[in-house]
$ cat data27.pdb   # PDB, C-alpha atoms
ATOM      1  CA  SER A   1     -50.720   7.115 -12.034  1.00  0.00           C
ATOM      2  CA  THR A   2     -48.901   6.484 -15.303  1.00  0.00           C
ATOM      3  CA  LYS A   3     -49.622   7.258 -18.942  1.00  0.00           C
ATOM      4  CA  MET A   4     -48.101   3.930 -20.013  1.00  0.00           C
ATOM      5  CA  ASP A   5     -50.472   1.427 -21.547  1.00  0.00           C
ATOM      6  CA  LYS A   6     -51.621  -1.149 -19.033  1.00  0.00           C
ATOM      7  CA  ASP A   7     -50.313  -4.020 -21.124  1.00  0.00           C
ATOM      8  CA  LYS A   8     -46.828  -2.560 -20.893  1.00  0.00           C
ATOM      9  CA  ILE A   9     -46.772  -2.444 -17.088  1.00  0.00           C
ATOM     10  CA  HIS A  10     -44.793  -5.279 -15.535  1.00  0.00           C
ATOM     11  CA  GLN A  11     -44.871  -6.030 -11.787  1.00  0.00           C
ATOM     12  CA  TYR A  12     -46.143  -2.559 -10.840  1.00  0.00           C
ATOM     13  CA  GLY A  13     -43.399  -0.922 -12.887  1.00  0.00           C
ATOM     14  CA  PRO A  14     -42.648   0.001 -16.484  1.00  0.00           C
ATOM     15  CA  GLY A  15     -42.143  -2.966 -18.725  1.00  0.00           C
ATOM     16  CA  ASP A  16     -41.057  -0.870 -21.700  1.00  0.00           C
ATOM     17  CA  PHE A  17     -38.355   1.809 -21.491  1.00  0.00           C
ATOM     18  CA  ALA A  18     -38.908   3.162 -24.990  1.00  0.00           C
ATOM     19  CA  GLN A  19     -40.353   6.394 -23.621  1.00  0.00           C
ATOM     20  CA  TYR A  20     -37.243   7.055 -21.549  1.00  0.00           C
ATOM     21  CA  VAL A  21     -35.058   9.298 -23.710  1.00  0.00           C
ATOM     22  CA  ASP A  22     -31.483  10.268 -22.963  1.00  0.00           C
ATOM     23  CA  PRO A  23     -30.860  13.959 -22.216  1.00  0.00           C
ATOM     24  CA  HIS A  24     -29.170  16.404 -24.532  1.00  0.00           C
ATOM     25  CA  PRO A  25     -25.795  15.131 -25.834  1.00  0.00           C
ATOM     26  CA  SER A  26     -23.997  17.761 -23.782  1.00  0.00           C
ATOM     27  CA  ASP A  27     -25.078  15.933 -20.598  1.00  0.00           C
ATOM     28  CA  TYR A  28     -23.146  12.705 -20.298  1.00  0.00           C
ATOM     29  CA  PHE A  29     -24.417  11.541 -16.920  1.00  0.00           C
ATOM     30  CA  ASP A  30     -27.361   9.135 -16.926  1.00  0.00           C
ATOM     31  CA  GLY A  31     -27.766   8.032 -13.350  1.00  0.00           C
ATOM     32  CA  GLY A  32     -25.910   8.179 -10.085  1.00  0.00           C
ATOM     33  CA  ASP A  33     -26.592   4.776  -8.594  1.00  0.00           C
ATOM     34  CA  SER A  34     -23.058   3.538  -9.353  1.00  0.00           C
ATOM     35  CA  GLU A  35     -24.569   0.430 -10.892  1.00  0.00           C
ATOM     36  CA  MET A  36     -26.639   1.175 -14.004  1.00  0.00           C
ATOM     37  CA  GLY A  37     -26.120   4.752 -15.183  1.00  0.00           C
ATOM     38  CA  LEU A  38     -22.717   5.954 -16.255  1.00  0.00           C
ATOM     39  CA  SER A  39     -22.300   8.038 -19.381  1.00  0.00           C
ATOM     40  CA  GLY A  40     -24.786   8.896 -22.078  1.00  0.00           C
ATOM     41  CA  ASP A  41     -23.907   7.013 -25.231  1.00  0.00           C
ATOM     42  CA  GLY A  42     -26.859   8.061 -27.357  1.00  0.00           C
ATOM     43  CA  ASN A  43     -28.692   4.780 -26.888  1.00  0.00           C
ATOM     44  CA  ILE A  44     -32.225   4.777 -25.522  1.00  0.00           C
ATOM     45  CA  GLY A  45     -32.412   3.665 -21.922  1.00  0.00           C
ATOM     46  CA  LEU A  46     -29.771   3.106 -19.254  1.00  0.00           C
ATOM     47  CA  ARG A  47     -26.345   1.712 -20.058  1.00  0.00           C
ATOM     48  CA  LYS A  48     -25.158  -1.366 -18.170  1.00  0.00           C
ATOM     49  CA  ILE A  49     -21.666  -1.835 -16.803  1.00  0.00           C
ATOM     50  CA  GLY A  50     -19.746  -4.161 -19.096  1.00  0.00           C
ATOM     51  CA  ARG A  51     -16.843  -6.499 -18.562  1.00  0.00           C
ATOM     52  CA  ASP A  52     -14.604  -3.722 -19.863  1.00  0.00           C
ATOM     53  CA  VAL A  53     -15.550  -1.614 -16.854  1.00  0.00           C
ATOM     54  CA  SER A  54     -13.193   1.169 -15.832  1.00  0.00           C
ATOM     55  CA  PRO A  55     -13.591   3.678 -12.957  1.00  0.00           C
ATOM     56  CA  HIS A  56     -16.748   5.709 -13.414  1.00  0.00           C
ATOM     57  CA  MET A  57     -15.048   9.048 -13.745  1.00  0.00           C
ATOM     58  CA  ALA A  58     -12.587   7.705 -16.301  1.00  0.00           C
ATOM     59  CA  ARG A  59     -15.478   6.183 -18.274  1.00  0.00           C
ATOM     60  CA  THR A  60     -17.395   9.455 -18.215  1.00  0.00           C
ATOM     61  CA  LEU A  61     -14.404  11.527 -19.266  1.00  0.00           C
ATOM     62  CA  THR A  62     -13.586   9.024 -21.996  1.00  0.00           C
ATOM     63  CA  ALA A  63     -17.152   9.319 -23.291  1.00  0.00           C
ATOM     64  CA  LYS A  64     -16.753  13.071 -23.612  1.00  0.00           C
ATOM     65  CA  ILE A  65     -13.745  12.524 -25.848  1.00  0.00           C
ATOM     66  CA  ASP A  66     -15.006   9.592 -27.882  1.00  0.00           C
ATOM     67  CA  GLN A  67     -18.503   8.164 -27.669  1.00  0.00           C
ATOM     68  CA  ALA A  68     -17.280   5.011 -29.377  1.00  0.00           C
ATOM     69  CA  ALA A  69     -15.096   4.214 -26.360  1.00  0.00           C
ATOM     70  CA  VAL A  70     -18.108   3.018 -24.351  1.00  0.00           C
ATOM     71  CA  ALA A  71     -19.621   0.933 -27.102  1.00  0.00           C
ATOM     72  CA  GLY A  72     -19.681  -2.861 -26.889  1.00  0.00           C
ATOM     73  CA  MET A  73     -21.614  -5.686 -25.367  1.00  0.00           C
ATOM     74  CA  SER A  74     -21.711  -5.869 -21.585  1.00  0.00           C
ATOM     75  CA  TYR A  75     -21.155  -9.022 -19.592  1.00  0.00           C
ATOM     76  CA  THR A  76     -24.857  -9.029 -18.739  1.00  0.00           C
ATOM     77  CA  ASP A  77     -25.735  -8.960 -22.431  1.00  0.00           C
ATOM     78  CA  GLU A  78     -23.332 -11.813 -23.104  1.00  0.00           C
ATOM     79  CA  LEU A  79     -24.867 -13.900 -20.339  1.00  0.00           C
ATOM     80  CA  LEU A  80     -28.360 -13.302 -21.659  1.00  0.00           C
ATOM     81  CA  GLN A  81     -27.267 -14.105 -25.179  1.00  0.00           C
ATOM     82  CA  GLU A  82     -25.605 -17.363 -24.135  1.00  0.00           C
ATOM     83  CA  ASN A  83     -28.412 -18.255 -21.700  1.00  0.00           C
ATOM     84  CA  PRO A  84     -31.754 -17.121 -23.202  1.00  0.00           C
ATOM     85  CA  GLY A  85     -33.727 -18.370 -20.222  1.00  0.00           C
ATOM     86  CA  MET A  86     -31.697 -16.444 -17.631  1.00  0.00           C
ATOM     87  CA  ASP A  87     -33.416 -13.711 -15.641  1.00  0.00           C
ATOM     88  CA  VAL A  88     -32.110 -10.202 -16.341  1.00  0.00           C
ATOM     89  CA  VAL A  89     -31.706  -9.365 -12.650  1.00  0.00           C
ATOM     90  CA  ARG A  90     -29.722 -12.559 -12.119  1.00  0.00           C
ATOM     91  CA  ALA A  91     -27.423 -11.699 -15.038  1.00  0.00           C
ATOM     92  CA  GLN A  92     -26.806  -8.244 -13.597  1.00  0.00           C
ATOM     93  CA  GLN A  93     -26.007  -9.783 -10.208  1.00  0.00           C
ATOM     94  CA  LEU A  94     -23.444 -12.082 -11.823  1.00  0.00           C
ATOM     95  CA  GLU A  95     -21.910  -9.124 -13.625  1.00  0.00           C
ATOM     96  CA  ASN A  96     -21.658  -7.147 -10.372  1.00  0.00           C
ATOM     97  CA  TRP A  97     -20.066 -10.146  -8.666  1.00  0.00           C
ATOM     98  CA  ALA A  98     -17.506 -10.517 -11.496  1.00  0.00           C
ATOM     99  CA  THR A  99     -16.646  -6.829 -11.244  1.00  0.00           C
ATOM    100  CA  GLN A 100     -16.171  -7.109  -7.476  1.00  0.00           C
ATOM    101  CA  GLN A 101     -13.835 -10.075  -7.953  1.00  0.00           C
ATOM    102  CA  GLU A 102     -11.724  -8.042 -10.387  1.00  0.00           C
ATOM    103  CA  ILE A 103     -11.472  -5.247  -7.820  1.00  0.00           C
ATOM    104  CA  VAL A 104     -10.509  -7.707  -5.060  1.00  0.00           C
ATOM    105  CA  ALA A 105      -7.831  -9.238  -7.290  1.00  0.00           C
ATOM    106  CA  ALA A 106      -6.420  -5.798  -8.121  1.00  0.00           C
ATOM    107  CA  ASN A 107      -6.320  -4.773  -4.459  1.00  0.00           C
ATOM    108  CA  ARG A 108      -4.621  -8.042  -3.533  1.00  0.00           C
ATOM    109  CA  TYR A 109      -1.996  -7.468  -6.226  1.00  0.00           C
ATOM    110  CA  ILE A 110      -1.235  -3.976  -4.901  1.00  0.00           C
ATOM    111  CA  TYR A 111      -1.074  -5.324  -1.328  1.00  0.00           C
ATOM    112  CA  ASP A 112       1.419  -8.033  -2.329  1.00  0.00           C
ATOM    113  CA  ILE A 113       3.604  -5.533  -4.186  1.00  0.00           C
ATOM    114  CA  ARG A 114       3.725  -3.178  -1.232  1.00  0.00           C
ATOM    115  CA  HIS A 115       4.531  -5.909   1.282  1.00  0.00           C
ATOM    116  CA  SER A 116       7.259  -7.410  -0.885  1.00  0.00           C
ATOM    117  CA  SER A 117       8.935  -4.053  -1.521  1.00  0.00           C
ATOM    118  CA  PRO A 118       8.976  -1.560   1.375  1.00  0.00           C
ATOM    119  CA  GLU A 119      10.518   1.096  -0.855  1.00  0.00           C
ATOM    120  CA  TYR A 120       7.372   0.993  -3.031  1.00  0.00           C
ATOM    121  CA  GLU A 121       5.109   1.931  -0.135  1.00  0.00           C
ATOM    122  CA  CYS A 122       7.404   4.541   1.351  1.00  0.00           C
ATOM    123  CA  ALA A 123       8.900   6.027  -1.805  1.00  0.00           C
ATOM    124  CA  ASP A 124       6.426   8.899  -2.035  1.00  0.00           C
ATOM    125  CA  ILE A 125       6.792   9.665   1.682  1.00  0.00           C
ATOM    126  CA  TYR A 126      10.588   9.815   1.748  1.00  0.00           C
ATOM    127  CA  GLU A 127      11.249  10.718  -1.868  1.00  0.00           C
ATOM    128  CA  ASP A 128      12.734  14.114  -1.031  1.00  0.00           C
ATOM    129  CA  GLU A 129      14.146  13.179   2.374  1.00  0.00           C
ATOM    130  CA  ALA A 130      17.839  12.278   2.117  1.00  0.00           C
ATOM    131  CA  ALA A 131      18.475  12.165   5.902  1.00  0.00           C
ATOM    132  CA  PHE A 132      17.034  13.042   9.303  1.00  0.00           C
ATOM    133  CA  SER A 133      17.014  16.762   9.963  1.00  0.00           C
ATOM    134  CA  TYR A 134      18.563  16.518  13.467  1.00  0.00           C
ATOM    135  CA  PRO A 135      21.791  14.965  14.836  1.00  0.00           C
ATOM    136  CA  VAL A 136      21.865  11.546  16.473  1.00  0.00           C
ATOM    137  CA  GLU A 137      21.514  11.568  20.244  1.00  0.00           C
ATOM    138  CA  ALA A 138      21.425   8.721  22.747  1.00  0.00           C
ATOM    139  CA  GLY A 139      18.032   8.005  24.265  1.00  0.00           C
ATOM    140  CA  ASP A 140      17.248   8.251  27.963  1.00  0.00           C
ATOM    141  CA  ASP A 141      16.404   4.527  28.196  1.00  0.00           C
ATOM    142  CA  VAL A 142      19.190   2.037  27.451  1.00  0.00           C
ATOM    143  CA  VAL A 143      17.783  -1.354  26.434  1.00  0.00           C
ATOM    144  CA  GLY A 144      21.019  -3.294  26.953  1.00  0.00           C
ATOM    145  CA  ILE A 145      24.820  -3.434  27.018  1.00  0.00           C
ATOM    146  CA  ILE A 146      26.911  -4.913  24.203  1.00  0.00           C
ATOM    147  CA  THR A 147      30.427  -5.958  25.221  1.00  0.00           C
ATOM    148  CA  LEU A 148      33.085  -6.912  22.644  1.00  0.00           C
ATOM    149  CA  ARG A 149      36.774  -7.810  22.888  1.00  0.00           C
ATOM    150  CA  ALA A 150      39.265  -7.489  20.025  1.00  0.00           C
ATOM    151  CA  ALA A 151      42.999  -7.040  19.521  1.00  0.00           C
ATOM    152  CA  ILE A 152      44.298  -3.712  18.250  1.00  0.00           C
ATOM    153  CA  ASN A 153      43.259  -3.347  14.605  1.00  0.00           C
ATOM    154  CA  GLY A 154      41.244  -6.538  14.990  1.00  0.00           C
ATOM    155  CA  VAL A 155      37.468  -6.818  14.654  1.00  0.00           C
ATOM    156  CA  ALA A 156      34.783  -8.235  16.939  1.00  0.00           C
ATOM    157  CA  ALA A 157      31.119  -8.360  15.941  1.00  0.00           C
ATOM    158  CA  HIS A 158      27.672  -8.650  17.495  1.00  0.00           C
ATOM    159  CA  ASP A 159      24.308  -9.247  15.747  1.00  0.00           C
ATOM    160  CA  ILE A 160      20.980  -7.529  16.498  1.00  0.00           C
ATOM    161  CA  MET A 161      17.566  -8.390  15.034  1.00  0.00           C
ATOM    162  CA  LEU A 162      15.014  -5.576  15.250  1.00  0.00           C
ATOM    163  CA  ASN A 163      11.408  -5.090  14.075  1.00  0.00           C
ATOM    164  CA  ASN A 164       9.410  -1.929  13.622  1.00  0.00           C
ATOM    165  CA  PRO A 165       7.070  -1.901  16.668  1.00  0.00           C
ATOM    166  CA  TYR A 166       4.475   0.012  14.681  1.00  0.00           C
ATOM    167  CA  MET A 167       2.385  -0.929  11.646  1.00  0.00           C
ATOM    168  CA  GLY A 168       3.962  -0.891   8.212  1.00  0.00           C
ATOM    169  CA  TYR A 169       7.399   0.403   7.310  1.00  0.00           C
ATOM    170  CA  ALA A 170       9.507   3.216   8.698  1.00  0.00           C
ATOM    171  CA  LYS A 171      12.739   4.819   7.519  1.00  0.00           C
ATOM    172  CA  PHE A 172      15.533   4.267  10.054  1.00  0.00           C
ATOM    173  CA  ARG A 173      19.101   5.316  10.734  1.00  0.00           C
ATOM    174  CA  ALA A 174      21.702   3.586  12.925  1.00  0.00           C
ATOM    175  CA  ALA A 175      24.744   5.400  14.322  1.00  0.00           C
ATOM    176  CA  PHE A 176      27.062   5.683  17.322  1.00  0.00           C
ATOM    177  CA  VAL A 177      27.351   8.509  19.830  1.00  0.00           C
ATOM    178  CA  GLY A 178      30.502   9.004  21.935  1.00  0.00           C
ATOM    179  CA  ASP A 179      34.111  10.221  21.947  1.00  0.00           C
ATOM    180  CA  VAL A 180      35.501   6.957  20.503  1.00  0.00           C
ATOM    181  CA  SER A 181      32.613   6.152  18.210  1.00  0.00           C
ATOM    182  CA  ASN A 182      35.071   5.999  15.288  1.00  0.00           C
ATOM    183  CA  GLU A 183      36.098   2.549  16.572  1.00  0.00           C
ATOM    184  CA  TRP A 184      32.567   1.286  16.090  1.00  0.00           C
ATOM    185  CA  SER A 185      30.509   0.623  12.960  1.00  0.00           C
ATOM    186  CA  VAL A 186      27.087  -0.826  12.191  1.00  0.00           C
ATOM    187  CA  THR A 187      25.412  -2.273   9.105  1.00  0.00           C
ATOM    188  CA  ALA A 188      22.794  -1.558   7.968  1.00  0.00           C
ATOM    189  CA  SER A 189      23.151   2.118   8.785  1.00  0.00           C
ATOM    190  CA  ASP A 190      19.912   3.210   7.090  1.00  0.00           C
ATOM    191  CA  GLY A 191      16.945   1.786   5.247  1.00  0.00           C
ATOM    192  CA  PHE A 192      13.386   0.751   6.033  1.00  0.00           C
ATOM    193  CA  LEU A 193      12.418  -1.054   9.227  1.00  0.00           C
ATOM    194  CA  LYS A 194       9.611  -3.582   8.771  1.00  0.00           C
ATOM    195  CA  GLN A 195       6.956  -4.725  11.198  1.00  0.00           C
ATOM    196  CA  ASN A 196       6.496  -8.280   9.928  1.00  0.00           C
ATOM    197  CA  GLU A 197      10.179  -9.047   9.236  1.00  0.00           C
ATOM    198  CA  ALA A 198      13.179  -8.378  11.491  1.00  0.00           C
ATOM    199  CA  THR A 199      16.052  -6.289  10.134  1.00  0.00           C
ATOM    200  CA  HIS A 200      19.562  -7.644  10.703  1.00  0.00           C
ATOM    201  CA  PHE A 201      22.134  -5.268  12.214  1.00  0.00           C
ATOM    202  CA  THR A 202      25.816  -6.151  12.700  1.00  0.00           C
ATOM    203  CA  VAL A 203      27.792  -4.153  15.271  1.00  0.00           C
ATOM    204  CA  ARG A 204      31.589  -4.165  14.782  1.00  0.00           C
ATOM    205  CA  TYR A 205      34.326  -3.072  17.178  1.00  0.00           C
ATOM    206  CA  ASN A 206      37.680  -2.198  15.583  1.00  0.00           C
ATOM    207  CA  PRO A 207      40.048  -0.734  18.213  1.00  0.00           C
ATOM    208  CA  HIS A 208      42.942   1.468  17.130  1.00  0.00           C
ATOM    209  CA  SER A 209      44.636   1.787  20.507  1.00  0.00           C
ATOM    210  CA  PRO A 210      44.779  -0.256  23.751  1.00  0.00           C
ATOM    211  CA  GLY A 211      42.180   0.279  26.411  1.00  0.00           C
ATOM    212  CA  ILE A 212      38.450   0.297  26.873  1.00  0.00           C
ATOM    213  CA  SER A 213      36.059   1.985  24.466  1.00  0.00           C
ATOM    214  CA  ASN A 214      32.630   3.226  25.523  1.00  0.00           C
ATOM    215  CA  SER A 215      29.947   4.463  23.155  1.00  0.00           C
ATOM    216  CA  TYR A 216      26.213   4.301  22.467  1.00  0.00           C
ATOM    217  CA  LEU A 217      24.464   2.668  19.527  1.00  0.00           C
ATOM    218  CA  VAL A 218      21.253   4.392  18.446  1.00  0.00           C
ATOM    219  CA  ILE A 219      18.708   2.919  16.023  1.00  0.00           C
ATOM    220  CA  GLU A 220      15.775   5.242  15.445  1.00  0.00           C
ATOM    221  CA  THR A 221      12.854   6.121  13.200  1.00  0.00           C
ATOM    222  CA  GLU A 222      10.588   9.156  13.371  1.00  0.00           C
ATOM    223  CA  ASP A 223       8.375   7.221  15.835  1.00  0.00           C
ATOM    224  CA  PHE A 224      10.779   5.501  18.221  1.00  0.00           C
ATOM    225  CA  LYS A 225      14.421   5.307  19.361  1.00  0.00           C
ATOM    226  CA  THR A 226      16.361   2.333  20.738  1.00  0.00           C
ATOM    227  CA  THR A 227      19.715   2.806  22.489  1.00  0.00           C
ATOM    228  CA  TRP A 228      22.382   0.295  23.519  1.00  0.00           C
ATOM    229  CA  LYS A 229      25.536   1.002  25.541  1.00  0.00           C
ATOM    230  CA  VAL A 230      28.531  -0.562  23.767  1.00  0.00           C
ATOM    231  CA  VAL A 231      31.761  -1.389  25.574  1.00  0.00           C
ATOM    232  CA  GLY A 232      34.889  -2.660  23.833  1.00  0.00           C
ATOM    233  CA  SER A 233      38.233  -3.843  25.161  1.00  0.00           C
ATOM    234  CA  THR A 234      41.555  -4.754  23.579  1.00  0.00           C
ATOM    235  CA  GLY A 235      42.150  -7.400  26.240  1.00  0.00           C
ATOM    236  CA  GLU A 236      44.552  -5.610  28.593  1.00  0.00           C
ATOM    237  CA  TYR A 237      41.642  -4.355  30.654  1.00  0.00           C
ATOM    238  CA  GLU A 238      38.593  -6.057  32.103  1.00  0.00           C
ATOM    239  CA  PHE A 239      35.130  -4.692  31.400  1.00  0.00           C
TER     240      PHE A 239
END

$ encode --input "data27.pdb" --output "structure tokens"
Amino acid sequence: STKMDKDKIHQYGPGDFAQYVDPHPSDYFDGGDSEMGLSGDGNIGLRKIGRDVSPHMARTLTAKIDQAAVAGMSYTDELLQENPGMDVVRAQQLENWATQQEIVAANRYIYDIRHSSPEYECADIYEDEAAFSYPVEAGDDVVGIITLRAAINGVAAHDIMLNNPYMGYAKFRAAFVGDVSNEWSVTASDGFLKQNEATHFTVRYNPHSPGISNSYLVIETEDFKTTWKVVGSTGEYEF
């Protein structure tokens, strides 16, 4: 049963919220439904989420500092003011929908930033990591053989396109392993390997003496390692 006058009951519920009084000013939490009750602002009844909505915790903490920060007309109030015949529930639904669209737009913006700049996504992960903590070693599985021919002090080059086989971005390093690895170079030698865009590597052979040069090229992240055997010749010898 209810002590409310029968003429104030609307659709089996209270039609007048005048008897609902906010708690003591030291308690700034009105609800808990994430929709209607946020922070106590001294007004009678429950506060609606306005178009100036900020995260609930930030709104509550702001209210503790300055009650005036939560003042203002909500989007629901504006809709009702501009459309006197609109149902209150419908206005609240439109406000919720507008808030959801703002959240979707913000998430899409963050997604675009992260996918256009791999350093943005990985900066906090590798901020204090200048290099891998272990030396480069050739892997057990060799994916291919790269053969190059160049005159002494000349340069021959070979291109490799490589994607990150796993989701997102991963920090990589590229280096050579072998006794004559000083005759070989690769760019890029470090950076971030992407999943949705291949990274371009250029392998260069620059012989300093006649003969055949054998080495291994290793491109690796913390999750995988790819190894090529590289063979170079100055022309006097066949591969």

$ resolve_selection --input "data27.pdb" --expression "the PyMOL selection byres ((chain A and resi 93) around 12)" --output "PyMOL selection string"
chain A and resi 35-36+48-49+75-76+79+86-92+94-100

$ write_last_selection --input "data27.pdb" --atoms "C-alpha atoms" --output "PDB file, in the coordinates of the input"
ATOM      1  CA  GLU A  35     -24.569   0.430 -10.892  1.00  0.00           C
ATOM      2  CA  MET A  36     -26.639   1.175 -14.004  1.00  0.00           C
ATOM      3  CA  LYS A  48     -25.158  -1.366 -18.170  1.00  0.00           C
ATOM      4  CA  ILE A  49     -21.666  -1.835 -16.803  1.00  0.00           C
ATOM      5  CA  TYR A  75     -21.155  -9.022 -19.592  1.00  0.00           C
ATOM      6  CA  THR A  76     -24.857  -9.029 -18.739  1.00  0.00           C
ATOM      7  CA  LEU A  79     -24.867 -13.900 -20.339  1.00  0.00           C
ATOM      8  CA  MET A  86     -31.697 -16.444 -17.631  1.00  0.00           C
ATOM      9  CA  ASP A  87     -33.416 -13.711 -15.641  1.00  0.00           C
ATOM     10  CA  VAL A  88     -32.110 -10.202 -16.341  1.00  0.00           C
ATOM     11  CA  VAL A  89     -31.706  -9.365 -12.650  1.00  0.00           C
ATOM     12  CA  ARG A  90     -29.722 -12.559 -12.119  1.00  0.00           C
ATOM     13  CA  ALA A  91     -27.423 -11.699 -15.038  1.00  0.00           C
ATOM     14  CA  GLN A  92     -26.806  -8.244 -13.597  1.00  0.00           C
ATOM     15  CA  LEU A  94     -23.444 -12.082 -11.823  1.00  0.00           C
ATOM     16  CA  GLU A  95     -21.910  -9.124 -13.625  1.00  0.00           C
ATOM     17  CA  ASN A  96     -21.658  -7.147 -10.372  1.00  0.00           C
ATOM     18  CA  TRP A  97     -20.066 -10.146  -8.666  1.00  0.00           C
ATOM     19  CA  ALA A  98     -17.506 -10.517 -11.496  1.00  0.00           C
ATOM     20  CA  THR A  99     -16.646  -6.829 -11.244  1.00  0.00           C
ATOM     21  CA  GLN A 100     -16.171  -7.109  -7.476  1.00  0.00           C
TER      22      GLN A 100
END

$ atom_distance --input "data27.pdb" --atom1 "CA of Asp159 (chain A)" --atom2 "CA of Ser133 (chain A)"
27.6 Å

$ residues_near_point --input "data27.pdb" --point "(3.5, -0.5, 16.5)" --cutoff "10 Å" --atoms "all atoms listed in the file" --output "NGL selection string"
:A and (163-168 or 195 or 223-224)

$ closest_residue --input "data27.pdb" --among "A:Trp184, A:Tyr109, A:Tyr169, A:Phe176" --to "Pro135 (chain A)" --atoms "all atoms listed in the file"
A:Phe176

$ residues_around --input "data27.pdb" --residues "Thr227 (chain A)" --least-positions-apart "6" --cutoff "9 Å" --atoms "only C-alpha atoms" --output "PyMOL selection string"
chain A and resi 138-144+216-220

$ axis_aligned_box --input "data27.pdb" --around "region 185-203 of chain A" --padding-each-side "8 Å" --output "lines of an AutoDock Vina configuration file"
center_x = 18.5
center_y = -2.9
center_z = 10.3
size_x = 40.0
size_y = 28.3
size_z = 26.0

$ atom_distance --input "data27.pdb" --atom1 "CA of Trp228 (chain A)" --atom2 "CA of Ala198 (chain A)"
17.5 Å

$ atom_distance --input "data27.pdb" --atom1 "CA of Ala151 (chain A)" --atom2 "CA of Val230 (chain A)"
16.4 Å

$ residues_around --input "data27.pdb" --residues "Ala174 (chain A)" --least-positions-apart "4" --cutoff "10 Å" --atoms "all atoms listed in the file" --output "list in words"
Val136, Ser185, Val186, Thr187, Ala188, Ser189, Asp190, Gly191, Phe201, Leu217, Val218, Ile219, Glu220, Thr221, Lys225, Thr226 and Thr227 of chain A

$ closest_residue --input "data27.pdb" --among "A:Ser74, A:Ala105, A:Arg204, A:Pro84" --to "Gly154 (chain A)" --atoms "all atoms listed in the file"
A:Arg204
